[in-house]
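Participant: Here you go, this is target_27.csv (CSV, C-alpha atoms).
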```
chain,number,residue,atom,x,y,z
K,1,MET,CA,107.9,122.2,95.3
K,2,THR,CA,106.8,119.1,93.4
K,3,PRO,CA,105.2,116.2,95.3
K,4,SER,CA,108.1,113.9,94.4
K,5,THR,CA,110.6,116.3,95.8
K,6,SER,CA,108.7,116.7,99.0
K,7,ALA,CA,108.3,112.9,99.2
K,8,ARG,CA,112.1,112.4,98.8
K,9,LEU,CA,112.9,115.0,101.5
K,10,ALA,CA,110.3,113.4,103.8
K,11,LEU,CA,111.9,109.9,103.3
K,12,GLY,CA,115.4,111.5,103.8
K,13,PHE,CA,114.5,113.2,107.1
K,14,SER,CA,112.6,110.1,108.2
K,15,CYS,CA,115.7,108.1,107.7
K,16,VAL,CA,118.0,110.6,109.5
K,17,GLY,CA,115.5,110.8,112.3
K,18,HIS,CA,115.5,107.0,112.7
K,19,SER,CA,119.2,107.0,113.2
K,20,PHE,CA,119.1,109.7,115.8
K,21,ALA,CA,116.1,108.1,117.6
K,22,HIS,CA,118.0,104.9,118.2
K,23,LEU,CA,121.5,106.4,118.6
K,24,LEU,CA,120.5,108.9,121.4
K,25,MET,CA,118.4,106.3,123.2
K,26,LEU,CA,121.3,103.8,123.2
K,27,LEU,CA,124.2,106.0,124.3
K,28,TYR,CA,123.6,105.3,128.0
K,29,PRO,CA,124.1,101.4,128.1
K,30,THR,CA,127.7,102.0,127.0
K,31,VAL,CA,128.2,105.3,129.0
K,32,VAL,CA,127.2,103.4,132.1
K,33,LEU,CA,130.4,101.4,131.9
K,34,SER,CA,132.3,104.6,132.3
K,35,LEU,CA,130.0,105.8,135.1
K,36,GLU,CA,130.6,102.6,137.1
K,37,VAL,CA,134.2,103.8,137.5
K,38,ALA,CA,133.6,107.5,137.7
K,39,TRP,CA,130.8,107.3,140.3
K,40,ILE,CA,131.9,104.1,142.0
K,41,ARG,CA,128.4,102.6,141.7
K,42,PRO,CA,127.2,99.1,140.7
K,43,PHE,CA,126.0,98.3,137.1
K,44,GLU,CA,122.5,97.2,138.2
K,45,GLU,CA,121.9,100.5,140.0
K,46,LEU,CA,123.1,102.7,137.2
K,47,ILE,CA,121.3,100.8,134.4
K,48,ALA,CA,118.0,101.3,136.3
K,49,LEU,CA,118.4,105.1,135.7
K,50,MET,CA,117.2,104.7,132.1
K,51,LEU,CA,113.9,103.1,133.1
K,52,VAL,CA,111.7,106.3,133.1
K,53,GLY,CA,113.2,107.4,129.8
K,54,GLN,CA,112.4,104.0,128.2
K,55,VAL,CA,108.9,104.1,129.5
K,56,LEU,CA,108.3,107.6,128.1
K,57,PHE,CA,109.8,106.4,124.8
K,58,GLY,CA,106.9,104.0,124.5
K,59,VAL,CA,104.1,105.9,126.3
K,60,GLY,CA,104.7,109.1,124.4
K,61,ALA,CA,104.2,107.3,121.0
K,62,VAL,CA,100.4,107.4,121.1
K,63,PRO,CA,99.9,111.1,121.6
K,64,ALA,CA,102.7,111.8,119.2
K,65,GLY,CA,101.1,109.7,116.5
K,66,TRP,CA,97.7,111.4,117.1
K,67,LEU,CA,99.3,114.8,116.7
K,68,GLY,CA,101.1,113.6,113.6
K,69,ASP,CA,97.7,112.6,112.1
K,70,ARG,CA,95.8,115.7,113.3
K,71,TRP,CA,98.4,118.4,113.1
K,72,SER,CA,101.5,117.9,110.9
K,73,ALA,CA,104.0,115.1,110.4
K,74,PRO,CA,106.9,117.4,109.4
K,75,GLY,CA,106.0,119.7,112.2
K,76,MET,CA,106.2,116.9,114.8
K,77,MET,CA,109.5,115.7,113.2
K,78,THR,CA,110.9,119.2,113.7
K,79,VAL,CA,109.9,119.0,117.4
K,80,PHE,CA,111.5,115.6,117.6
K,81,PHE,CA,114.9,116.7,116.3
K,82,LEU,CA,115.1,119.9,118.3
K,83,GLY,CA,113.7,118.5,121.5
K,84,THR,CA,115.7,115.2,121.5
K,85,GLY,CA,119.0,116.9,120.7
K,86,THR,CA,118.5,119.6,123.3
K,87,ALA,CA,117.7,117.0,125.9
K,88,ALA,CA,120.8,115.0,125.1
K,89,ILE,CA,123.0,118.1,125.5
K,90,ALA,CA,121.4,118.8,128.8
K,91,THR,CA,122.1,115.3,130.0
K,92,GLY,CA,125.8,115.8,129.4
K,93,PHE,CA,125.7,118.5,132.2
K,94,ALA,CA,124.4,116.0,134.8
K,95,ASP,CA,126.5,115.7,137.9
K,96,GLY,CA,124.6,112.9,139.7
K,97,PRO,CA,122.2,110.0,139.2
K,98,PHE,CA,119.0,112.1,139.6
K,99,GLU,CA,120.1,114.5,136.8
K,100,ILE,CA,121.1,111.6,134.6
K,101,ALA,CA,117.7,110.0,135.1
K,102,LEU,CA,116.0,113.3,134.4
K,103,GLY,CA,118.0,113.9,131.2
K,104,LEU,CA,117.3,110.4,129.9
K,105,ALA,CA,113.6,110.9,130.6
K,106,ALA,CA,113.6,114.0,128.5
K,107,ILE,CA,115.4,112.2,125.7
K,108,GLY,CA,112.9,109.4,125.9
K,109,LEU,CA,109.9,111.8,125.8
K,110,PHE,CA,111.0,113.7,122.7
K,111,ALA,CA,112.4,110.6,121.0
K,112,SER,CA,108.9,109.0,121.3
K,113,ILE,CA,107.8,111.2,118.5
K,114,TYR,CA,109.9,109.5,115.9
K,115,HIS,CA,108.4,106.0,115.4
K,116,PRO,CA,104.7,106.8,115.1
K,117,VAL,CA,105.3,109.9,113.0
K,118,GLY,CA,108.4,109.0,110.9
K,119,ILE,CA,107.4,105.4,110.1
K,120,ALA,CA,103.8,106.3,109.3
K,121,TRP,CA,105.1,109.0,107.0
K,122,VAL,CA,106.9,106.3,105.0
K,123,THR,CA,104.0,103.9,105.0
K,124,ARG,CA,101.6,106.4,103.4
K,125,ASN,CA,102.9,105.3,100.0
K,126,PRO,CA,101.9,101.6,99.5
K,127,VAL,CA,104.1,101.2,96.4
K,128,ASN,CA,107.2,99.1,97.2
K,129,ARG,CA,106.5,99.8,100.8
K,130,GLY,CA,108.8,97.0,102.0
K,131,ARG,CA,111.7,98.5,100.1
K,132,ALA,CA,111.1,101.9,101.6
K,133,LEU,CA,110.8,100.5,105.0
K,134,GLY,CA,113.9,98.4,104.5
K,135,ILE,CA,115.9,101.6,103.6
K,136,ASN,CA,114.5,103.4,106.5
K,137,GLY,CA,115.3,100.5,108.8
K,138,ILE,CA,118.9,100.5,107.7
K,139,PHE,CA,119.2,104.0,109.1
K,140,GLY,CA,117.6,102.9,112.4
K,141,SER,CA,120.0,100.0,112.6
K,142,ALA,CA,122.9,102.3,111.9
K,143,GLY,CA,121.8,104.5,114.8
K,144,THR,CA,121.6,101.4,117.1
K,145,ALA,CA,125.1,100.4,116.0
K,146,GLY,CA,126.4,103.9,116.3
K,147,GLY,CA,125.1,104.4,119.8
K,148,ALA,CA,127.7,102.0,121.3
K,149,VAL,CA,130.7,103.1,119.3
K,150,VAL,CA,129.9,106.8,119.6
K,151,ALA,CA,129.4,106.6,123.3
K,152,GLY,CA,132.4,104.4,123.9
K,153,GLY,CA,134.7,106.5,121.7
K,154,LEU,CA,133.7,109.9,123.0
K,155,ALA,CA,133.6,108.7,126.6
K,156,THR,CA,137.1,107.2,126.4
K,157,ALA,CA,138.6,110.1,124.5
K,158,TYR,CA,137.0,113.2,126.2
K,159,GLY,CA,134.8,112.0,129.0
K,160,TRP,CA,131.3,110.5,129.2
K,161,GLN,CA,129.7,114.0,129.0
K,162,TRP,CA,130.8,114.4,125.4
K,163,ALA,CA,128.9,111.2,124.4
K,164,PHE,CA,125.8,113.3,124.9
K,165,PHE,CA,127.1,116.7,123.8
K,166,VAL,CA,128.2,115.8,120.2
K,167,PRO,CA,125.3,113.7,118.9
K,168,GLY,CA,122.9,116.1,120.7
K,169,ALA,CA,124.3,119.1,118.8
K,170,LEU,CA,124.1,117.2,115.5
K,171,CYS,CA,120.5,116.3,116.1
K,172,VAL,CA,119.6,119.9,116.8
K,173,GLY,CA,121.4,120.9,113.6
K,174,ALA,CA,119.2,118.5,111.6
K,175,GLY,CA,116.1,120.0,113.2
K,176,LEU,CA,117.1,123.5,112.2
K,177,VAL,CA,117.6,122.4,108.6
K,178,LEU,CA,114.1,120.7,108.6
K,179,LEU,CA,112.6,123.8,110.1
K,180,ALA,CA,114.0,126.0,107.4
K,181,LEU,CA,112.8,123.7,104.7
K,182,LEU,CA,109.3,123.5,106.3
K,183,VAL,CA,109.0,127.3,106.6
K,184,GLY,CA,110.3,127.7,103.0
K,185,GLY,CA,107.6,125.3,101.7
K,186,ARG,CA,110.1,122.7,100.5
K,187,VAL,CA,108.7,119.9,102.7
K,188,GLY,CA,105.0,119.2,102.7
K,189,ASP,CA,102.6,116.9,104.6
K,190,THR,CA,101.1,113.9,102.8
K,191,LYS,CA,98.4,113.3,105.4
K,192,ASP,CA,95.5,114.4,103.1
K,193,ARG,CA,96.6,111.9,100.5
K,194,GLY,CA,96.8,109.2,103.1
K,195,ARG,CA,93.4,109.9,104.5
K,196,SER,CA,91.8,109.6,101.0
K,197,ALA,CA,93.4,106.2,100.4
K,198,PRO,CA,91.2,103.1,100.8
K,199,SER,CA,91.8,100.5,103.5
K,200,GLU,CA,93.9,97.6,102.5
K,201,SER,CA,92.1,94.9,104.5
K,202,SER,CA,88.6,94.0,105.6
K,203,ARG,CA,87.4,95.1,109.0
K,204,GLY,CA,87.5,91.6,110.4
K,205,ASP,CA,91.1,91.1,109.2
K,206,MET,CA,92.0,94.5,110.7
K,207,MET,CA,90.7,93.5,114.1
K,208,ARG,CA,92.2,90.0,114.1
K,209,GLY,CA,95.5,90.9,112.5
K,210,GLY,CA,96.0,94.0,114.6
K,211,LEU,CA,95.4,92.2,117.9
K,212,ILE,CA,97.6,89.3,117.0
K,213,LEU,CA,100.4,91.7,115.9
K,214,LEU,CA,100.3,93.5,119.2
K,215,ILE,CA,101.3,90.2,120.9
K,216,THR,CA,104.1,89.4,118.5
K,217,ILE,CA,105.2,93.1,118.6
K,218,ALA,CA,105.5,92.8,122.4
K,219,CYS,CA,107.6,89.7,122.1
K,220,SER,CA,109.8,91.3,119.4
K,221,GLY,CA,110.3,94.5,121.4
K,222,LEU,CA,111.2,92.5,124.5
K,223,ILE,CA,113.9,90.6,122.6
K,224,TYR,CA,115.3,93.7,120.8
K,225,GLN,CA,115.3,96.1,123.7
K,226,THR,CA,116.7,93.5,126.2
K,227,THR,CA,119.4,92.5,123.8
K,228,SER,CA,120.5,96.0,123.1
K,229,PHE,CA,120.6,96.9,126.8
K,230,ALA,CA,122.5,93.8,127.9
K,231,MET,CA,124.9,93.4,125.0
K,232,PRO,CA,127.6,95.8,126.2
K,233,LYS,CA,127.8,94.1,129.6
K,234,LEU,CA,127.5,90.6,128.0
K,235,PHE,CA,130.5,91.3,125.7
K,236,GLU,CA,132.5,92.8,128.6
K,237,GLN,CA,131.9,89.6,130.6
K,238,ARG,CA,132.2,86.9,127.9
K,239,LEU,CA,134.8,88.2,125.4
K,240,GLY,CA,137.6,87.9,127.9
K,241,GLY,CA,140.8,89.7,126.8
K,242,LEU,CA,139.3,90.8,123.5
K,243,VAL,CA,137.9,94.0,125.0
K,244,ASP,CA,139.0,95.8,128.2
K,245,THR,CA,137.7,99.4,127.6
K,246,ALA,CA,134.4,101.1,127.0
K,247,VAL,CA,135.5,102.0,123.5
K,248,GLY,CA,136.4,98.3,122.8
K,249,VAL,CA,133.1,97.1,124.0
K,250,GLY,CA,131.3,99.8,122.1
K,251,ALA,CA,133.2,98.9,118.9
K,252,MET,CA,132.2,95.2,119.2
K,253,VAL,CA,128.5,96.0,119.9
K,254,SER,CA,128.5,98.5,117.0
K,255,THR,CA,130.1,95.8,114.7
K,256,VAL,CA,127.2,93.5,115.5
K,257,TYR,CA,124.6,96.1,114.6
K,258,PHE,CA,126.3,97.5,111.5
K,259,ILE,CA,126.6,94.0,110.0
K,260,SER,CA,122.9,93.4,110.9
K,261,ALA,CA,121.8,96.6,109.2
K,262,GLY,CA,121.7,95.1,105.8
K,263,ALA,CA,119.1,92.7,107.0
K,264,GLN,CA,116.5,95.5,106.6
K,265,ILE,CA,117.0,95.5,102.8
K,266,LEU,CA,116.7,91.7,102.7
K,267,GLY,CA,113.6,92.0,104.9
K,268,GLY,CA,112.1,94.6,102.6
K,269,TRP,CA,112.8,92.6,99.5
K,270,LEU,CA,111.1,89.5,101.0
K,271,ALA,CA,108.2,91.6,102.2
K,272,ASP,CA,107.6,93.0,98.7
K,273,ARG,CA,107.8,89.6,97.0
K,274,TYR,CA,106.4,86.9,99.3
K,275,ASP,CA,103.5,86.2,101.6
K,276,LEU,CA,104.1,88.6,104.5
K,277,ARG,CA,102.8,86.1,107.0
K,278,ARG,CA,105.3,83.4,105.9
K,279,VAL,CA,108.2,85.8,105.9
K,280,TYR,CA,107.2,87.0,109.4
K,281,PHE,CA,106.8,83.5,110.8
K,282,GLY,CA,110.1,82.3,109.3
K,283,CYS,CA,112.0,85.1,111.1
K,284,TRP,CA,110.4,84.2,114.4
K,285,LEU,CA,111.2,80.5,113.9
K,286,LEU,CA,114.9,81.1,113.2
K,287,GLN,CA,115.3,83.3,116.3
K,288,ILE,CA,114.6,80.4,118.7
K,289,PRO,CA,117.7,78.2,118.1
K,290,ILE,CA,120.0,81.2,117.8
K,291,LEU,CA,119.0,82.6,121.2
K,292,GLY,CA,119.3,79.2,122.7
K,293,LEU,CA,122.8,78.8,121.3
K,294,ALA,CA,123.9,82.1,122.8
K,295,VAL,CA,122.9,81.0,126.4
K,296,THR,CA,126.3,79.5,127.2
K,297,LEU,CA,128.7,80.7,124.5
K,298,ALA,CA,131.8,82.7,125.4
K,299,GLY,CA,134.8,84.0,123.5
K,300,PRO,CA,135.1,85.1,119.8
K,301,VAL,CA,132.3,82.7,118.6
K,302,LEU,CA,129.8,84.7,120.6
K,303,ILE,CA,130.2,87.6,118.1
K,304,PRO,CA,128.8,85.9,115.0
K,305,VAL,CA,126.0,84.3,117.1
K,306,ALA,CA,125.1,87.7,118.6
K,307,THR,CA,125.1,89.1,115.1
K,308,LEU,CA,122.6,86.5,113.9
K,309,MET,CA,120.4,87.2,116.9
K,310,VAL,CA,120.1,90.9,115.9
K,311,LEU,CA,120.1,90.2,112.1
K,312,ILE,CA,117.1,87.8,112.2
K,313,ASN,CA,115.2,90.0,114.5
K,314,THR,CA,115.6,93.1,112.3
K,315,THR,CA,114.9,91.1,109.0
K,316,ALA,CA,111.3,90.7,110.3
K,317,VAL,CA,110.8,94.5,110.8
K,318,PRO,CA,109.7,95.5,107.2
K,319,ALA,CA,107.3,92.6,107.0
K,320,GLU,CA,105.9,93.5,110.5
K,321,ASN,CA,105.4,97.1,109.6
K,322,SER,CA,103.9,96.2,106.2
K,323,LEU,CA,101.4,93.9,107.9
K,324,PHE,CA,100.6,96.5,110.5
K,325,ALA,CA,100.0,99.1,107.8
K,326,ARG,CA,97.6,96.7,106.1
K,327,TYR,CA,95.6,96.2,109.2
K,328,THR,CA,95.1,99.9,110.0
K,329,PRO,CA,92.9,102.6,108.4
K,330,PRO,CA,95.0,105.1,106.5
K,331,ALA,CA,93.4,108.1,108.3
K,332,TRP,CA,94.5,106.7,111.7
K,333,ARG,CA,97.8,105.2,110.7
K,334,GLY,CA,100.0,107.6,112.8
K,335,THR,CA,97.9,106.9,115.9
K,336,ALA,CA,97.9,103.2,115.2
K,337,PHE,CA,101.7,103.2,114.8
K,338,GLY,CA,101.8,105.1,118.1
K,339,VAL,CA,100.0,102.1,119.7
K,340,LYS,CA,102.3,99.7,118.0
K,341,PHE,CA,105.4,101.5,119.3
K,342,LEU,CA,103.8,102.0,122.7
K,343,VAL,CA,103.8,98.2,122.9
K,344,SER,CA,107.1,97.6,121.2
K,345,LEU,CA,109.1,100.3,123.1
K,346,GLY,CA,107.0,100.2,126.2
K,347,VAL,CA,108.3,96.7,127.0
K,348,ALA,CA,111.5,98.5,127.9
K,349,ALA,CA,109.7,99.0,131.2
K,350,VAL,CA,110.2,95.3,131.6
K,351,SER,CA,113.5,95.0,129.8
K,352,VAL,CA,115.5,97.4,132.0
K,353,PRO,CA,114.6,95.8,135.3
K,354,LEU,CA,114.8,92.4,133.7
K,355,VAL,CA,118.4,93.0,132.7
K,356,GLY,CA,119.3,94.5,136.1
K,357,GLU,CA,117.6,91.9,138.2
K,358,MET,CA,118.8,89.0,136.2
K,359,TYR,CA,122.4,90.3,136.6
K,360,ARG,CA,121.9,90.9,140.3
K,361,ALA,CA,120.6,87.3,140.8
K,362,PHE,CA,123.0,85.4,138.5
K,363,HIS,CA,125.9,87.8,137.7
K,364,GLU,CA,125.7,86.6,134.1
K,365,PHE,CA,123.1,86.6,131.3
K,366,GLY,CA,122.5,82.9,130.5
K,367,PRO,CA,119.0,82.8,132.2
K,368,LEU,CA,118.1,86.1,130.5
K,369,LEU,CA,118.8,84.6,127.0
K,370,VAL,CA,116.7,81.5,127.9
K,371,THR,CA,113.8,84.0,128.7
K,372,LEU,CA,114.3,85.6,125.3
K,373,ALA,CA,114.3,82.2,123.5
K,374,VAL,CA,110.9,81.5,125.2
K,375,ALA,CA,109.6,84.9,124.0
K,376,ALA,CA,110.7,84.0,120.4
K,377,ALA,CA,108.8,80.7,120.6
K,378,VAL,CA,105.6,82.5,121.8
K,379,GLY,CA,106.0,85.0,118.9
K,380,ALA,CA,106.3,82.1,116.3
K,381,VAL,CA,103.2,80.3,117.6
K,382,VAL,CA,101.1,83.5,117.6
K,383,ALA,CA,102.3,84.6,114.2
K,384,LEU,CA,100.7,81.5,112.7
K,385,LEU,CA,97.3,82.9,113.6
K,386,LEU,CA,97.7,86.0,111.3
K,387,PRO,CA,95.2,86.3,108.4
K,388,ALA,CA,96.8,85.1,105.2
K,389,THR,CA,97.7,87.9,102.9
K,390,ARG,CA,100.0,88.4,100.0
K,391,HIS,CA,101.8,91.7,99.1
K,392,ALA,CA,101.7,91.9,95.4
K,393,PRO,CA,105.0,93.0,93.8
K,394,SER,CA,105.1,96.2,91.9
K,395,ALA,CA,107.6,97.6,89.3
K,396,GLN,CA,106.9,101.2,90.4
K,397,PRO,CA,109.7,102.9,92.4
K,398,ALA,CA,109.1,104.1,96.0
K,399,GLU,CA,108.7,107.8,96.4
```
Could you take the file, read its structure, and then write that structure out as structure tokens?
Facilitator:
Amino acid sequence: MTPSTSARLALGFSCVGHSFAHLLMLLYPTVVLSLEVAWIRPFEELIALMLVGQVLFGVGAVPAGWLGDRWSAPGMMTVFFLGTGTAAIATGFADGPFEIALGLAAIGLFASIYHPVGIAWVTRNPVNRGRALGINGIFGSAGTAGGAVVAGGLATAYGWQWAFFVPGALCVGAGLVLLALLVGGRVGDTKDRGRSAPSESSRGDMMRGGLILLITIACSGLIYQTTSFAMPKLFEQRLGGLVDTAVGVGAMVSTVYFISAGAQILGGWLADRYDLRRVYFGCWLLQIPILGLAVTLAGPVLIPVATLMVLINTTAVPAENSLFARYTPPAWRGTAFGVKFLVSLGVAAVSVPLVGEMYRAFHEFGPLLVTLAVAAAVGAVVALLLPATRHAPSAQPAE
């Protein structure tokens, strides 16, 4: 096994894992539309069942990142694939709210492994880091997009249980392939190379940049998570006769995320060529009017505006991850990314009740979108305080 072959396989499994992490975590917001009818329970009650899973998705990131640093990144990725897939299959056998909540909690716990381990695996190579993160991000966006259409399609055709059975089985299959390659020595761990690499920023910039990024990451996570949880119900309410089934809603939501997926490549290109701080701030600034515009929109025009909401948010991700990698010591990068995703994904502990309570109070999502526009304004102001840095372009290919 050559280092380049191992690196390509690592990037490949990291990309596939990114798709599964988002897809499996976002099956339920569309499945819940079928459960409203099947179990005759209100939306705000059923959507709350995903809260514990979302909390564990964030909380589990720190110990997962630490284990990735101290034990093995490919080993942890194998646990991710096998554990998350098995948990999804088990969720399909649920016959009541408690079992659903338990299954979603297990999915969240195992899925928490991906971001601190898989993303850190990619960032260990600083050459064309933005491009590699952009490619990886496309797979994450594809998973986010696929969650709605897969859940809606399978739930409508075969029943909501199959929305968990099929993707869960595919995830387990990917884990078995990775396990075979790992045992056969075809996939290696690059942690030793990462630990010997020099830090990319001064200690002062690391402290300042890291703390500031944690604030912007919290705002970004709040916007992204809340949008993804609310969008199926938002479309069901505001698109009128355009959609009247779970699969129709799922297809519309998936269209938004599929179109937005290409933004990751654009974000990676910008991150490799321009001042990371300016790229990051620009993305924050653009989100404010778009979120504000969506507050009262209804009908077909909502679809392109919702697409812009997601597109601009995801364009910022490669710059954000590149900045975060610069402000963390290489030997602790997995653990640091665990903290990052604890904050980013942990805000789901706020997002889930925020969606449910806003809907309970207003029976529509205008006030929720105002809240997200305010979060974008806070993120833009705080991003201005980041230490100035420039990512020098490189002609070398990413591994």
Participant: For K:Leu154, find every residue with an atom within 10 Å (counting only C-alpha atoms), except residues of its own chain fewer than 3 positions away, and show them as a PyMOL selection string.
Facilitator: chain K and resi 31+149-151+157-166+246-247
Participant: If we count all atoms listed in the file, what is near stretch 341-344 of chain K at a cut-off of 12 Å, once residues fewer than 3 positions away on the same chain are taken out, given as a VMD selection string?
Facilitator: chain K and resid 54 to 65 109 111 to 120 211 213 to 226 317 320 to 321 324 334 to 338 347 to 351
Participant: Here is a test: counting all atoms listed in the file, which residue of K:Val243, K:Leu293, K:Leu311, K:Leu285 is nearest to K:Leu266?
Facilitator: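 Checking each of K:Val243, K:Leu293, K:Leu311, K:Leu285 against K:Leu266, counting all atoms listed in the file, the winner is K:Leu311.
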Participant: Under the rule that only C-alpha atoms are counted, which of K:Gly108, K:Pro300, K:Gly175, K:Gly12 is the nearest residue to K:Gly346?
Facilitator: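 Looking at the shortest contact to K:Gly346, the residue is K:Gly108.
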Participant: Using only C-alpha atoms - which residues lie no farther than 9 Å from the point (109.3, 118.4, 115.6) in the file's frame? Write them as a list in words.
Facilitator: Ala73, Pro74, Gly75, Met76, Met77, Thr78, Val79, Phe80, Phe81, Leu82, Gly83, Phe110, Ile113, Tyr114, Gly175, Leu178 and Leu179 of chain K
Participant: Under the rule that only C-alpha atoms are counted, which of K:Gly250, K:Ala230, K:Phe93, K:Ile40 is the nearest residue to K:Val352?
Facilitator: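 Smallest separation from K:Val352 among the options: K:Ala230.
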Participant: For a quick check of understanding, using all atoms listed in the file, which of K:His363, K:Ile259, K:Gly210, K:Ala375 has the smallest distance to K:Pro387?
Facilitator: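 So, comparing all the options, the nearest one is K:Gly210.
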Participant: Using all atoms listed in the file, pick whichever of K:Arg360, K:Ser14, K:Ala7, K:Thr86 has the shortest atom-to-atom distance to K:Gly173.
Facilitator: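 Checking each of K:Arg360, K:Ser14, K:Ala7, K:Thr86 against K:Gly173, counting all atoms listed in the file, the winner is K:Thr86.
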Participant: Please indicate the distance in Å from atom CA of K:Leu23 to atom CA of K:Gly146, rounded to one decimal place.
Facilitator: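 Computing the Euclidean distance for atom CA of K:Leu23 and atom CA of K:Gly146 yields 6.0 Å.
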Participant: Using all atoms listed in the file, find the one residue out of K:Phe281, K:Trp66, K:Tyr359, K:Phe229 that sits nearest to K:Tyr28.
Facilitator: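 Among the listed residues, the smallest separation from K:Tyr28 belongs to K:Phe229.
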Participant: Expressed in Å to a single decimal, how great is the separation between atom CA of K:Glu364 and atom CA of K:Leu234?
Facilitator: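 So the answer is 7.5 Å.
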Participant: What's the separation between atom CA of K:Ser228 and atom CA of K:Ala145, in Å to one decimal place?
Facilitator: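 Going from atom CA of K:Ser228 over to atom CA of K:Ala145 covers 9.5 Å.
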